[in-house]
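Chemist: First, the structure itself, so that you have it in front of you.
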Amino acid sequence: MTHATTTDIQDDRPRIAPEPAKGGLSSRTLPRWSPIGFAVVAIALGVGISLAAGWHSRIQWGLISALLFLTVSYVVTTVVENQRQAKDRLATSIVWVCFLIAVVPLASLLWTTIVRGSERLDGYFLTHSMAGVLGPEHSGGVYHALIGTLEQVGIATVIAAPLGLLTAVYLVEYGKGSLAKAVTFFVDVMTGIPSIVAGLFILSIMLMAGIEPSGLMGALALTILMLPVVVRSTEEMLKLVPNELREASLALGIPKWRTILKVVLPTAIGGITTGVMLAIARIAGETAPIMLLVFGSQLINSNPFEGAQSSLPFYIYEQYKVGEVASYDRAWAAALVLIAFVMILNLVARGIARWKAPKTGR
């Protein structure tokens with residue numbers, strides 16, 4: 001007699017594949033270009049609905065299209081794939097919508113400034129001042145304001161950068177106890193100080209000491225605004241330096257001050273430079289301290305220690321206040337120069353940060 005084993009027995013019953021659980025994985029997937037398709041459909045529907053409702057604002061068109069984009073992407077992904085993928089796509093779509101909402105106004109502002117400012121911006125505009133030029137006239141330039149901005153920002157940087165660097169080194173390398181906590185607290189408070197308050201502080205000193213307005217006074221107010229940014233950015237960069245580097249240097253018998261100078265600072269110099277450049281870009285557009293302390297001038301004054309000066313932000317405000325077509329053109333051109341100045345600083349900061357970044361091996 002032969003005995004049948006379980007392997008010899010064949011089950012001829014039809015096998016039915018189990019259905020995927022609700023919210024589980026699904027083999028159907030949308031193509032990679034599906035978000036673009038959702039966006040096109042949402043924009044078409046949003047514009048159509050807005051026109052049918054009689055809404056002519058492009059902001060309304062954009063908001064309705066954004067809501068429709070989120071709805072269409074979630075519904076289609078739920079039907080084609082599954083609810084889990086739909087939730088993931090919805091979160092990704094929300095991030096993209098928020099990004100576009102933040103970028104579109106900035107891009108619109110930049111484009112408007114380039115279009116309006118390029119009409120007046122030329123070599124003559126960059127090399128002449130407003131001396132003897134009346135508001136309705138189409139002559140005049142921004143040279144005196146550009147000189148004032150460079151000198152005032154330069155003086156503020158010369159003062160604030162070393163002070164901020166040394167303060168950050170103290171907080172990271174030496175600071176302990178109540179004094180370090182107090183310094184950190186006041187740095188945080190200074191970060192939120194309005195520019196007009198810094199200007200009023202320097203103005204009170206000027207009134208008590210009988211000091212006349214000058215570019216130096218404006219630079220001191222800009223220093224107050226720049227200092228906490230430098231301290232905070234430098235402090236964060238120094239904290240990123242691995243402690244192993246400090247310990248290795250100290251283990252070789254190198255003093256602490258030399259370790260900071262030769263090991264810590266060179267390692268973090270890229271980030272420190274970036275922070276300083278961003279602080280310069282932050283103060284380059286300040287207007288309130290210049291109005292209070294520098295007073296503005298139509299003439300070229302290359303001496304920041306004596307007499308009134310101008311600056312690019314003050315020049316823009318001054319030309320806009322005139323209210324003439326020619327003055328508006330000069331204001332847009334000066335705004336374009338200021339934006340270019342800030343963008344160049346950011347590019348320089350990124351270049352230095354990449355150049356000084358620690359080299360990593362394979």
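Chain labels run A, B, ... following the order of the structure tokens; each chain numbers its residues from 1, and ligands are numbered from 1 in the order shown.
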Go through range 214-234 of chain A residue by residue and, counting only C-alpha atoms, keep those with an atom at most 10 Å from range 306-327 of chain A; for each kept residue give the shortest atom pair and its distance in Å to one decimal, ordered by chain and increasing number, as CSV.
Modeler:
residue,atom,partner,partner_atom,distance
A:Ser214,CA,A:Ala308,CA,5.0
A:Gly215,CA,A:Gln309,CA,5.8
A:Leu216,CA,A:Glu306,CA,8.0
A:Met217,CA,A:Glu306,CA,9.8
A:Gly218,CA,A:Gln309,CA,9.3
Chemist: Show me, as a ChimeraX atom specification, the residues that have an atom within 10 Å of range 183-185 of chain A when counting only C-alpha atoms, minus same-chain residues fewer than 5 positions from it.
Modeler: /A:167-168,170-171,175,178,190,228,231-232
Chemist: Can I get the selected residues back with N, CA, C and O atoms, as a tab-separated table (two decimals), in the first residue's frame?
Modeler:
chain	number	residue	atom	x	y	z
A	167	THR	N	31.82	88.71	20.77
A	167	THR	CA	30.72	88.37	21.67
A	167	THR	C	30.29	86.92	21.48
A	167	THR	O	30.04	86.19	22.45
A	168	ALA	N	30.19	86.49	20.22
A	168	ALA	CA	29.80	85.11	19.96
A	168	ALA	C	30.85	84.13	20.47
A	168	ALA	O	30.51	83.07	21.02
A	170	TYR	N	32.81	84.58	23.00
A	170	TYR	CA	32.66	84.53	24.47
A	170	TYR	C	31.49	83.64	24.86
A	170	TYR	O	31.61	82.82	25.79
A	171	LEU	N	30.35	83.79	24.19
A	171	LEU	CA	29.17	83.02	24.57
A	171	LEU	C	29.37	81.53	24.34
A	171	LEU	O	28.90	80.70	25.14
A	175	GLY	N	31.52	81.63	27.89
A	175	GLY	CA	30.37	82.12	28.64
A	175	GLY	C	29.69	81.07	29.49
A	175	GLY	O	29.21	80.06	28.98
A	178	SER	N	25.53	83.66	35.05
A	178	SER	CA	24.52	84.69	34.87
A	178	SER	C	24.91	85.73	33.83
A	178	SER	O	24.05	86.26	33.13
A	190	MET	N	17.68	92.80	21.42
A	190	MET	CA	18.15	93.73	20.38
A	190	MET	C	17.78	93.26	18.98
A	190	MET	O	17.66	94.08	18.07
A	228	PRO	N	23.28	92.41	16.74
A	228	PRO	CA	22.67	91.15	17.18
A	228	PRO	C	22.58	90.10	16.08
A	228	PRO	O	22.66	88.90	16.37
A	231	VAL	N	26.01	88.51	15.98
A	231	VAL	CA	26.24	87.67	17.17
A	231	VAL	C	25.50	86.36	17.05
A	231	VAL	O	26.06	85.27	17.27
A	232	ARG	N	24.22	86.43	16.69
A	232	ARG	CA	23.42	85.21	16.65
A	232	ARG	C	23.89	84.26	15.55
A	232	ARG	O	24.01	83.05	15.78
Chemist: Go through A:Gly62, A:Ile339, A:Ala219, A:Thr92 and flag the residue nearest Ile159 in chain A, using only C-alpha atoms for the distances.
Modeler: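 The closest residue to Ile159 in chain A is A:Ala219.
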Chemist: I'd like the contact shell of Asp122 in chain A - 12 Å cut-off, only C-alpha atoms, skipping same-chain residues fewer than 2 positions apart - returned as a list of chain:residue names.
Modeler: A:Gly117, A:Ser118, A:Glu119, A:Arg120, A:Tyr124, A:Phe125, A:Leu126, A:Thr127, A:His128, A:Ser139, A:Gly140, A:Gly141, A:Val142, A:Tyr143, A:Arg330, A:Ala333, A:Ala334, A:Leu336, A:Val337
Chemist: Would you mind telling me which residue in A:Ala281, A:Ala349, A:Val76, A:Ile196 lies nearest to Pro31 in chain A when using only C-alpha atoms?
Modeler: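 Closest to Pro31 in chain A of all the choices is A:Val76.
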Chemist: How many Å lie between CA of Val342 in chain A and CA of Val187 in chain A, rounded to one decimal?
Modeler: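 Result for CA of Val342 in chain A versus CA of Val187 in chain A: 24.2 Å, one decimal.
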Chemist: Select, from A:Leu250, A:Ala42, A:Leu207, A:Ile280, the residue with the minimum atom-to-atom distance to Ile224 in chain A, counting only C-alpha atoms.
Modeler: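 Comparing A:Leu250, A:Ala42, A:Leu207, A:Ile280 against Ile224 in chain A, the winner is A:Ile280.
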